$ cat upload31.cif   # mmCIF, C-alpha atoms
data_upload
loop_
_atom_site.label_atom_id
_atom_site.label_comp_id
_atom_site.auth_asym_id
_atom_site.auth_seq_id
_atom_site.Cartn_x
_atom_site.Cartn_y
_atom_site.Cartn_z
CA MET A 17 111.63 77.89 114.74
CA ASN A 18 113.52 74.78 113.79
CA PRO A 19 111.81 71.51 114.59
CA LYS A 20 113.37 69.42 117.36
CA PRO A 21 115.98 67.01 115.99
CA PRO A 22 114.69 63.44 115.95
CA ARG A 23 115.74 61.20 118.83
CA PRO A 24 117.26 57.83 117.93
CA HIS A 25 114.03 56.03 118.74
CA ASP A 26 111.80 58.31 116.74
CA ASP A 27 110.16 56.57 113.88
CA PRO A 28 107.49 58.30 111.87
CA GLY A 29 105.80 54.93 111.37
CA ALA A 30 105.60 54.32 115.10
CA ASP A 31 103.92 57.66 115.85
CA ALA A 32 100.48 56.47 114.89
CA PRO A 33 99.36 54.41 117.87
CA ILE A 34 97.80 51.04 117.45
CA THR A 35 94.77 50.04 119.44
CA GLU A 36 94.95 47.42 122.16
CA SER A 37 92.34 45.37 120.30
CA ALA A 38 94.42 45.39 117.10
CA TRP A 39 97.44 44.26 119.11
CA ASN A 40 95.46 41.51 120.81
CA ALA A 41 94.04 40.32 117.49
CA GLN A 42 97.51 40.06 115.99
CA GLU A 43 98.82 38.28 119.08
CA ALA A 44 95.95 35.78 118.84
CA ALA A 45 96.65 35.21 115.17
CA MET A 46 100.36 34.69 115.86
CA ALA A 47 99.45 32.20 118.58
CA GLY A 48 97.32 30.33 116.07
CA ALA A 49 93.96 31.01 117.67
CA ARG A 50 91.09 29.56 115.65
CA ASP A 51 88.87 32.56 116.16
CA ALA A 52 91.55 35.06 115.26
CA SER A 53 90.04 37.88 113.24
CA LEU A 54 93.17 38.30 111.14
CA ASP A 55 94.43 35.95 108.48
CA ALA A 56 95.42 33.22 110.91
CA GLU A 57 97.14 31.06 108.30
CA ARG A 58 99.53 33.80 107.29
CA TYR A 59 100.32 34.73 110.88
CA ARG A 60 100.85 31.09 111.86
CA ALA A 61 103.30 30.77 108.98
CA LEU A 62 104.99 33.95 110.13
CA ALA A 63 105.25 32.65 113.70
CA ARG A 64 106.82 29.42 112.41
CA ALA A 65 109.22 31.34 110.20
CA ILE A 66 110.29 33.63 113.04
CA SER A 67 110.86 30.66 115.33
CA THR A 68 113.24 29.16 112.75
CA TRP A 69 115.09 32.44 112.17
CA PRO A 70 118.70 31.27 112.21
CA GLU A 71 120.83 32.64 115.01
CA VAL A 72 124.41 33.71 114.51
CA PRO A 73 126.06 31.62 117.21
CA ALA A 74 127.79 33.48 119.99
CA PRO A 75 131.59 33.16 120.05
CA ILE A 76 132.60 29.99 121.88
CA ASP A 77 134.72 31.59 124.59
CA LEU A 78 132.76 34.77 125.09
CA ALA A 79 132.68 34.32 128.88
CA GLY A 80 136.41 33.58 129.09
CA ALA A 81 137.23 36.57 126.90
CA ALA A 82 134.99 38.82 129.01
CA VAL A 83 136.66 37.62 132.21
CA ARG A 84 140.10 38.22 130.71
CA ALA A 85 139.05 41.71 129.58
CA VAL A 86 137.87 42.48 133.12
CA GLU A 87 141.13 41.18 134.61
CA GLN A 88 143.18 43.30 132.21
CA ALA A 89 141.10 46.36 133.04
CA GLN A 90 141.58 45.69 136.75
CA ALA A 91 145.37 45.36 136.30
CA ARG A 92 145.44 48.66 134.38
CA GLU A 93 143.39 50.32 137.10
CA ARG A 94 145.72 48.98 139.83
CA ALA A 95 148.79 50.26 137.97
CA ARG A 96 147.13 53.65 137.50
CA ARG A 97 146.27 53.88 141.19
CA GLU A 98 149.77 52.86 142.25
CA ALA A 99 151.27 55.49 139.95
CA LEU A 100 148.85 58.03 141.34
CA ASN A 101 149.68 57.06 144.93
CA GLY A 102 153.44 57.35 144.21
CA ARG A 103 152.91 60.80 142.73
CA LEU A 104 150.77 61.81 145.68
CA GLU A 105 153.39 60.61 148.17
CA ARG A 106 156.16 62.50 146.42
CA THR A 107 154.05 65.65 146.24
CA LEU A 108 153.16 65.43 149.94
CA LEU A 109 156.79 64.84 150.93
CA ALA A 110 157.99 67.78 148.86
CA SER A 111 155.25 70.00 150.29
CA LEU A 112 156.03 69.00 153.85
CA SER A 113 159.78 69.53 153.37
CA SER A 114 159.12 72.97 151.91
CA VAL A 115 156.94 73.90 154.88
CA PHE A 116 159.64 72.77 157.31
CA ALA A 117 162.35 74.64 155.41
CA ALA A 118 160.26 77.81 155.30
CA ALA A 119 159.47 77.54 159.02
CA ALA A 120 163.16 77.02 159.88
CA LEU A 121 164.18 80.02 157.77
CA ALA A 122 161.52 82.20 159.37
CA ALA A 123 162.62 81.12 162.85
CA VAL A 124 166.27 81.94 162.09
CA ILE A 125 165.34 85.35 160.64
CA ILE A 126 163.17 86.23 163.63
CA TYR A 127 165.16 84.73 166.50
CA GLY A 128 168.61 84.20 164.95
CA ALA A 129 170.27 87.36 166.36
CA GLU A 130 168.97 86.60 169.83
CA TRP A 131 170.26 82.98 169.69
CA LEU A 132 173.64 84.16 168.41
CA ALA A 133 174.09 86.65 171.26
CA LEU A 134 173.13 83.99 173.81
CA LEU A 135 175.56 81.49 172.26
CA ALA A 136 178.43 84.00 172.14
CA ALA A 137 177.84 84.84 175.80
CA HIS A 138 178.35 81.18 176.79
CA VAL A 139 180.86 80.02 174.13
CA PRO A 140 183.00 82.95 172.99
CA LEU A 141 184.51 80.78 170.21
CA LEU A 142 181.11 80.70 168.43
CA ASP A 143 180.91 84.43 167.93
CA GLY A 144 179.36 85.21 164.55
CA TRP A 145 177.53 83.04 161.96
CA MET A 146 180.72 81.47 160.60
CA GLY A 147 181.53 80.10 164.04
CA VAL A 148 178.01 78.67 164.33
CA LEU A 149 178.30 77.08 160.88
CA LEU A 150 181.61 75.52 161.82
CA ALA A 151 180.13 74.18 165.06
CA CYS A 152 177.21 72.65 163.12
CA ILE A 153 179.55 70.88 160.69
CA VAL A 154 181.63 69.52 163.58
CA ALA A 155 178.46 68.43 165.42
CA ILE A 156 177.20 66.56 162.34
CA HIS A 157 180.41 64.77 161.49
CA ALA A 158 181.97 64.25 164.92
CA PRO A 159 179.83 61.26 166.03
CA ASP A 160 180.46 59.46 162.76
CA ALA A 161 184.21 60.09 162.93
CA TRP A 162 184.23 58.95 166.51
CA ARG A 163 182.49 55.67 165.63
CA ARG A 164 184.94 54.99 162.82
CA LEU A 165 187.87 55.60 165.09
CA ARG A 166 186.51 53.20 167.69
CA SER A 167 185.75 50.46 165.18
CA LEU A 168 189.29 50.34 163.83
CA GLU A 169 191.16 47.26 165.07
CA PRO A 170 194.73 47.95 166.28
CA GLY A 171 196.10 45.15 164.01
CA VAL A 172 194.39 46.60 160.96
CA ALA A 173 195.63 50.04 161.78
CA LEU A 174 199.23 48.71 162.00
CA ALA A 175 198.96 46.84 158.72
CA ASP A 176 197.75 50.02 157.01
CA MET B 24 107.09 44.66 145.24
CA ASP B 25 108.03 41.81 142.93
CA THR B 26 111.09 42.90 141.02
CA GLY B 27 111.37 39.69 139.05
CA GLU B 28 114.79 39.11 140.54
CA THR B 29 115.57 35.50 141.35
CA PRO B 30 117.29 34.50 144.61
CA SER B 31 120.19 33.13 142.59
CA ASP B 32 120.66 36.58 141.01
CA ARG B 33 121.13 38.10 144.45
CA ASP B 34 123.58 35.37 145.50
CA LEU B 35 125.47 35.65 142.25
CA VAL B 36 125.81 39.42 142.52
CA ALA B 37 127.00 39.08 146.13
CA ALA B 38 129.55 36.45 145.08
CA VAL B 39 130.90 38.62 142.27
CA LEU B 40 131.16 41.64 144.56
CA ALA B 41 132.96 39.49 147.15
CA GLY B 42 135.45 38.46 144.46
CA THR B 43 134.54 34.76 144.62
CA ALA B 44 136.50 32.79 142.03
CA GLY B 45 134.41 31.87 139.00
CA ALA B 46 131.39 33.95 140.04
CA PHE B 47 131.81 36.59 137.37
CA GLU B 48 132.36 33.95 134.70
CA ARG B 49 129.08 32.32 135.74
CA LEU B 50 127.30 35.65 135.55
CA VAL B 51 128.63 36.13 132.03
CA ARG B 52 127.61 32.61 131.00
CA ASP B 53 124.11 33.14 132.42
CA HIS B 54 123.52 36.31 130.42
CA GLU B 55 125.78 36.10 127.37
CA ARG B 56 122.98 34.78 125.13
CA LEU B 57 120.71 37.76 125.74
CA CYS B 58 123.61 40.17 125.44
CA TRP B 59 124.72 38.53 122.21
CA HIS B 60 121.19 38.58 120.77
CA ILE B 61 120.76 42.28 121.48
CA LEU B 62 124.13 43.34 120.13
CA GLN B 63 124.31 40.97 117.20
CA ARG B 64 120.83 41.96 116.02
CA LEU B 65 121.61 45.65 116.50
CA VAL B 66 125.01 45.83 114.81
CA ARG B 67 124.89 42.58 112.76
CA ASP B 68 128.66 42.32 112.41
CA PRO B 69 129.80 39.37 114.59
CA GLU B 70 133.25 40.85 115.29
CA GLU B 71 131.80 44.17 116.41
CA ALA B 72 129.11 42.37 118.39
CA ARG B 73 131.77 40.33 120.21
CA ASP B 74 133.77 43.45 121.12
CA LEU B 75 130.62 45.20 122.30
CA CYS B 76 129.67 42.15 124.37
CA GLN B 77 133.02 42.33 126.13
CA GLU B 78 132.55 46.05 126.67
CA THR B 79 129.11 45.32 128.12
CA PHE B 80 130.40 42.82 130.66
CA LEU B 81 133.29 45.12 131.55
CA ARG B 82 130.72 47.84 132.28
CA VAL B 83 128.60 45.34 134.22
CA HIS B 84 131.61 44.46 136.38
CA GLN B 85 132.43 48.11 136.99
CA ARG B 86 128.87 49.04 137.92
CA LEU B 87 127.65 45.93 139.67
CA ALA B 88 128.09 47.57 143.08
CA GLN B 89 125.52 50.16 141.95
CA TYR B 90 122.94 47.50 141.06
CA ARG B 91 120.10 47.97 143.56
CA HIS B 92 118.09 44.79 142.81
CA GLU B 93 115.12 46.96 141.78
CA SER B 94 114.79 45.14 138.45
CA PRO B 95 115.82 41.66 137.28
CA LEU B 96 119.54 41.30 136.70
CA LYS B 97 118.78 40.07 133.18
CA GLY B 98 116.99 43.33 132.34
CA TRP B 99 119.72 45.43 133.96
CA ILE B 100 122.44 43.73 131.91
CA GLY B 101 120.28 43.86 128.78
CA ARG B 102 119.83 47.59 129.27
CA ILE B 103 123.58 48.10 129.43
CA ALA B 104 124.09 46.02 126.28
CA TYR B 105 121.33 47.92 124.46
CA THR B 106 122.78 51.30 125.49
CA ILE B 107 126.25 50.29 124.30
CA GLY B 108 124.83 49.00 121.00
CA LEU B 109 122.83 52.18 120.54
CA ARG B 110 125.87 54.37 121.16
CA HIS B 111 127.82 52.29 118.65
CA LEU B 112 125.14 52.79 115.99
CA GLU B 113 125.02 56.52 116.72
CA GLN B 114 128.80 56.75 116.31
CA ARG B 115 128.48 54.93 113.00
CA ARG B 116 125.54 57.17 112.09
CA VAL B 117 123.36 54.14 111.44
CA ALA B 118 119.64 54.90 111.66
CA LEU B 119 118.20 52.84 114.49
CA ALA B 120 114.58 52.79 113.39
CA GLY B 121 113.56 53.04 109.78
CA THR B 122 110.20 53.21 108.17
CA LEU B 123 108.73 49.98 106.93
CA ASP B 124 108.12 51.11 103.41
CA GLY B 125 108.99 47.67 102.20
CA GLU B 126 111.88 48.78 100.03
CA ALA B 127 114.54 46.85 101.90
CA SER B 128 112.29 43.87 102.40
CA ALA B 129 111.27 43.84 98.76
CA HIS B 130 114.90 43.93 97.74
CA ALA B 131 115.58 40.94 99.98
CA LEU B 132 112.65 39.15 98.43
CA GLU B 133 113.87 39.79 94.92
CA LEU B 134 116.98 37.84 95.84
CA GLU B 135 115.02 35.00 97.34
CA ALA B 136 111.94 34.77 95.18
CA ASP B 137 113.32 33.32 92.00
CA ALA B 138 112.22 29.81 92.80
CA GLY B 139 110.15 28.02 90.20
CA GLU B 140 107.59 25.49 91.23
CA VAL B 141 107.05 25.42 94.93
CA GLU B 142 104.90 23.03 96.86
CA GLY B 143 104.43 21.55 100.32
CA ALA B 144 107.47 21.47 102.52
CA TYR B 145 109.53 23.22 99.94
CA LEU B 146 106.98 26.03 99.86
CA GLU B 147 107.12 26.26 103.63
CA ARG B 148 110.93 26.44 103.60
CA GLU B 149 110.84 28.95 100.81
CA ARG B 150 108.38 31.13 102.72
CA ALA B 151 110.49 30.92 105.87
CA SER B 152 113.56 31.84 103.90
CA ARG B 153 111.76 34.86 102.44
CA VAL B 154 110.73 35.95 105.92
CA HIS B 155 114.28 35.49 107.25
CA ALA B 156 115.67 37.58 104.42
CA ALA B 157 113.08 40.26 105.11
CA ILE B 158 113.83 40.22 108.85
CA ASP B 159 117.54 40.56 108.15
CA ALA B 160 116.75 43.59 106.02
CA LEU B 161 114.78 45.29 108.82
CA PRO B 162 116.17 48.39 110.57
CA PRO B 163 118.18 47.55 113.74
CA LEU B 164 115.47 48.51 116.24
CA GLN B 165 112.69 46.46 114.66
CA ARG B 166 115.04 43.50 114.23
CA THR B 167 116.12 43.69 117.87
CA LEU B 168 112.58 44.04 119.20
CA LEU B 169 111.51 41.01 117.17
CA THR B 170 114.44 39.03 118.60
CA LEU B 171 113.73 40.00 122.19
CA TYR B 172 110.01 39.30 121.93
CA HIS B 173 109.99 36.13 119.86
CA LEU B 174 113.37 34.44 120.34
CA ASP B 175 114.26 35.50 123.89
CA GLU B 176 110.56 35.42 124.77
CA LEU B 177 110.78 38.54 126.91
CA SER B 178 107.57 40.27 127.94
CA ILE B 179 106.75 43.80 126.81
CA PRO B 180 107.58 45.23 130.30
CA GLU B 181 110.94 43.42 130.19
CA ILE B 182 111.68 44.88 126.77
CA THR B 183 110.66 48.28 128.10
CA GLY B 184 113.19 47.79 130.91
CA ILE B 185 115.94 47.04 128.41
CA THR B 186 115.22 49.59 125.70
CA GLY B 187 113.60 52.36 127.73
CA LEU B 188 110.86 52.58 125.09
CA PRO B 189 107.25 52.93 126.19
CA SER B 190 105.28 49.71 125.87
CA GLY B 191 102.94 51.34 123.31
CA THR B 192 105.88 52.15 121.05
CA ILE B 193 107.23 48.61 121.35
CA LYS B 194 103.84 47.14 120.49
CA SER B 195 103.48 49.55 117.61
CA HIS B 196 106.87 48.56 116.18
CA LEU B 197 106.15 44.84 116.60
CA PHE B 198 102.64 45.17 115.17
CA ARG B 199 103.75 47.01 112.05
CA THR B 200 106.78 44.77 111.51
CA ARG B 201 104.72 41.60 111.80
CA ALA B 202 101.95 42.98 109.61
CA ARG B 203 104.51 43.86 106.97
CA LEU B 204 106.13 40.40 107.17
CA ALA B 205 102.75 38.66 107.07
CA GLY B 206 101.90 40.74 104.03
CA LEU B 207 105.02 39.45 102.31
CA LEU B 208 103.87 35.89 102.93
CA ALA B 209 100.66 36.60 101.09
CA GLU B 210 102.50 37.75 97.99
CA PRO B 211 103.34 35.02 95.50
CA ALA B 212 107.02 34.40 94.91
CA GLY B 213 108.42 37.01 92.59
CA ALA B 214 105.47 39.36 93.04
CA CYS B 215 107.64 42.05 94.57
CA ALA B 216 110.16 42.11 91.75
#

$ encode --input "upload31.cif" --output "C-alpha cells"
Amino acid sequence: MNPKPPRPHDDPGADAPITESAWNAQEAAMAGARDASLDAERYRALARAISTWPEVPAPIDLAGAAVRAVEQAQARERARREALNGRLERTLLASLSSVFAAAALAAVIIYGAEWLALLAAHVPLLDGWMGVLLACIVAIHAPDAWRRLRSLEPGVALAD
Amino acid sequence: MDTGETPSDRDLVAAVLAGTAGAFERLVRDHERLCWHILQRLVRDPEEARDLCQETFLRVHQRLAQYRHESPLKGWIGRIAYTIGLRHLEQRRVALAGTLDGEASAHALELEADAGEVEGAYLERERASRVHAAIDALPPLQRTLLTLYHLDELSIPEITGITGLPSGTIKSHLFRTRARLAGLLAEPAGACA
C-alpha cells in the first residue's frame, strides 16, 4: 500500500515531540532567566537578535488599496446581479407569454367552433373564420382611427 | 466563555456590516500589520504579499457576516491570511515546512561570516546579522511561526487559532528552530564554511 501523501504541515523534524520541561527550559533561557538550565548567554543573544530582525515595511496605502479592491469587487458583483436580474426578467416574460399563447390556442381549438356558431347566429356577417378575423382587425384599429378623426382641426383639414 | 474578543471588535464588525463610512478602512488598518507579517514571512516577495493582503481583506469583507465572535477578530483575520498564503505556496509548489538540517542556514552564514576581527558591539551586530540571515533562510512555516511568536507576540493558542496546527507541533517547530539558531551563535564566524 502506498504511504499517505504528506500534508503541507508535515515535517519529519516536527514528528518527534519535545517535552514540556524542555520547552519551558528554552523559554526561560530566551527570557534571560538566571537559573536557566540551557546556555542562557546564547539564548539571550538569540532573543536580542530576533527582536532586531528587520521587518519589510508594509506598503504605505495598504488599507486604501484594500478598500478600493473591495469597492471594485462590490461594483462587479452589482453589475453581475443586475445582468442576472435582467436575464431573469426576460426569461420570465417570455415564459409567461408562451403560457398565455398556448392557453389561448388551446381555448380556440376546444371552443372555437362553438363560439363561431354562436357568433354567426347573432351576426350573420361574421360567418366563418375570415369574417371573425376581419372583425378583429376592425375592432383593433377602429378606436384609433376614430380618435385621429376627432383630433383633426377643421382648419388643418382644409389646408391639407 | 472568554473568546478574547474586545468590545471594540464587536462594534467595528457591526459598523462594517452596517456599511458605516470608514469602518472597513479602520478594520484594515487595525489588522494590516499582522496580515502583512504572516503573508510577507510566508511568501517573502513584497509584491505578492501585497496582492495576497488585498485578497485577504476582500475575503474578510465577503465573509464578515459569517464571523460568529467565537474567537478574537485578530485570530479570525490571521487565519484567513494564513490560509490564503498557504494556498499560494501550494500553487507555487513551495514546501511549507522543511527540515532544519542546517544546509540553508549554513549557506546564509557562509555569506555573512567572512568578517575578520570582531569584538564588542561589532560582534553583537555581526551575530545578529548572522541570525537574521539564518532566519531568512528558514522554510516558510518556521519563519512565520517565529514571526508570530516573537515579533507579533502572539500566544501559542492564538497561533494555533491562526495556523490550525496543534500547540505541540508549534512548540516543536519553535523549539527546534531556536535551538538551531542558538547553535549557530555558538559557532565562531566562518566555522560553517

$ interface_residues --input "upload31.cif" --of "chain B" --to "chain A" --cutoff "9 Å" --atoms "only C-alpha atoms" --output "ChimeraX atom specification"
/B:47-52,55-56,59-60,63,69,73,76-82,84-85,109,113,118-123,147-148,150-155,158,164,169-170,173-174,188,191-196,198-199,201-202,204-206,208-209

$ closest_residue --input "upload31.cif" --among "B:His54, B:Pro180, B:Leu87, B:Leu75" --to "B:Gly42" --atoms "only C-alpha atoms"
B:Leu87

$ atom_distance --input "upload31.cif" --atom1 "atom CA of A:Ile126" --atom2 "atom CA of A:Leu109"
25.7 Å

$ residues_near_point --input "upload31.cif" --point "(126.2, 33.0, 140.7)" --cutoff "12 Å" --atoms "only C-alpha atoms" --output "list in words"
Thr29, Pro30, Ser31, Asp32, Arg33, Asp34, Leu35, Val36, Ala37, Ala38, Val39, Leu40, Ala41, Gly42, Thr43, Ala44, Gly45, Ala46, Phe47, Glu48, Arg49, Leu50, Val51, Arg52, Asp53, His54 and Leu96 of chain B

$ atom_distance --input "upload31.cif" --atom1 "atom CA of A:Leu149" --atom2 "atom CA of A:Arg164"
23.1 Å

$ atom_distance --input "upload31.cif" --atom1 "atom CA of A:Leu135" --atom2 "atom CA of A:Ala117"
22.5 Å

$ residues_around --input "upload31.cif" --residues "stretch 66-68 of chain B" --least-positions-apart "3" --cutoff "8 Å" --atoms "only C-alpha atoms" --output "MDAnalysis selection string"
chainID B and resid 62:63 71:72 108 112 163

$ build_atoms --input "upload31.cif" --residues "stretch 94-127 of chain A" --atoms "N, CA and C atoms" --output "short mmCIF file (atom, residue, chain, number, x, y, z; two decimals), in the frame of the given file"
data_model
loop_
_atom_site.label_atom_id
_atom_site.label_comp_id
_atom_site.auth_asym_id
_atom_site.auth_seq_id
_atom_site.Cartn_x
_atom_site.Cartn_y
_atom_site.Cartn_z
N ARG A 94 144.79 49.08 138.69
CA ARG A 94 145.72 48.98 139.83
C ARG A 94 147.00 49.76 139.55
N ALA A 95 147.54 49.58 138.33
CA ALA A 95 148.79 50.26 137.97
C ALA A 95 148.58 51.78 138.00
N ARG A 96 147.42 52.21 137.52
CA ARG A 96 147.13 53.65 137.50
C ARG A 96 147.05 54.21 138.91
N ARG A 97 146.40 53.43 139.80
CA ARG A 97 146.27 53.88 141.19
C ARG A 97 147.62 53.92 141.89
N GLU A 98 148.45 52.89 141.62
CA GLU A 98 149.77 52.86 142.25
C GLU A 98 150.60 54.06 141.79
N ALA A 99 150.53 54.34 140.49
CA ALA A 99 151.27 55.49 139.95
C ALA A 99 150.77 56.78 140.59
N LEU A 100 149.46 56.85 140.74
CA LEU A 100 148.85 58.03 141.34
C LEU A 100 149.27 58.17 142.80
N ASN A 101 149.27 57.03 143.52
CA ASN A 101 149.68 57.06 144.93
C ASN A 101 151.13 57.49 145.06
N GLY A 102 152.03 56.97 144.18
CA GLY A 102 153.44 57.35 144.21
C GLY A 102 153.60 58.84 144.00
N ARG A 103 152.85 59.35 143.02
CA ARG A 103 152.91 60.80 142.73
C ARG A 103 152.42 61.60 143.93
N LEU A 104 151.35 61.11 144.54
CA LEU A 104 150.77 61.81 145.68
C LEU A 104 151.75 61.83 146.84
N GLU A 105 152.42 60.67 147.08
CA GLU A 105 153.39 60.61 148.17
C GLU A 105 154.53 61.58 147.94
N ARG A 106 155.03 61.61 146.71
CA ARG A 106 156.16 62.50 146.42
C ARG A 106 155.74 63.96 146.58
N THR A 107 154.54 64.27 146.13
CA THR A 107 154.05 65.65 146.24
C THR A 107 153.91 66.05 147.71
N LEU A 108 153.34 65.13 148.52
CA LEU A 108 153.16 65.43 149.94
C LEU A 108 154.50 65.62 150.63
N LEU A 109 155.47 64.76 150.31
CA LEU A 109 156.79 64.84 150.93
C LEU A 109 157.45 66.17 150.58
N ALA A 110 157.38 66.53 149.30
CA ALA A 110 157.99 67.78 148.86
C ALA A 110 157.31 68.97 149.53
N SER A 111 155.99 68.90 149.66
CA SER A 111 155.25 70.00 150.29
C SER A 111 155.64 70.14 151.75
N LEU A 112 155.71 68.99 152.42
CA LEU A 112 156.03 69.00 153.85
C LEU A 112 157.45 69.52 154.08
N SER A 113 158.39 69.07 153.25
CA SER A 113 159.78 69.53 153.37
C SER A 113 159.85 71.04 153.15
N SER A 114 159.10 71.52 152.18
CA SER A 114 159.12 72.97 151.91
C SER A 114 158.59 73.74 153.10
N VAL A 115 157.53 73.21 153.72
CA VAL A 115 156.94 73.90 154.88
C VAL A 115 157.97 73.94 156.02
N PHE A 116 158.62 72.79 156.24
CA PHE A 116 159.64 72.77 157.31
C PHE A 116 160.78 73.75 157.03
N ALA A 117 161.24 73.76 155.78
CA ALA A 117 162.35 74.64 155.41
C ALA A 117 161.95 76.10 155.59
N ALA A 118 160.74 76.43 155.17
CA ALA A 118 160.26 77.81 155.30
C ALA A 118 160.14 78.20 156.77
N ALA A 119 159.63 77.26 157.58
CA ALA A 119 159.47 77.54 159.02
C ALA A 119 160.83 77.74 159.68
N ALA A 120 161.81 76.90 159.31
CA ALA A 120 163.16 77.02 159.88
C ALA A 120 163.78 78.36 159.50
N LEU A 121 163.62 78.74 158.25
CA LEU A 121 164.18 80.02 157.77
C LEU A 121 163.54 81.20 158.52
N ALA A 122 162.24 81.12 158.67
CA ALA A 122 161.52 82.20 159.37
C ALA A 122 161.99 82.30 160.82
N ALA A 123 162.19 81.13 161.45
CA ALA A 123 162.62 81.12 162.85
C ALA A 123 164.01 81.73 162.99
N VAL A 124 164.90 81.40 162.05
CA VAL A 124 166.27 81.94 162.09
C VAL A 124 166.25 83.45 161.87
N ILE A 125 165.41 83.90 160.91
CA ILE A 125 165.34 85.35 160.64
C ILE A 125 164.81 86.10 161.86
N ILE A 126 163.81 85.52 162.51
CA ILE A 126 163.17 86.23 163.63
C ILE A 126 164.03 86.15 164.91
N TYR A 127 164.48 84.91 165.21
CA TYR A 127 165.16 84.73 166.50
C TYR A 127 166.66 84.56 166.40
#
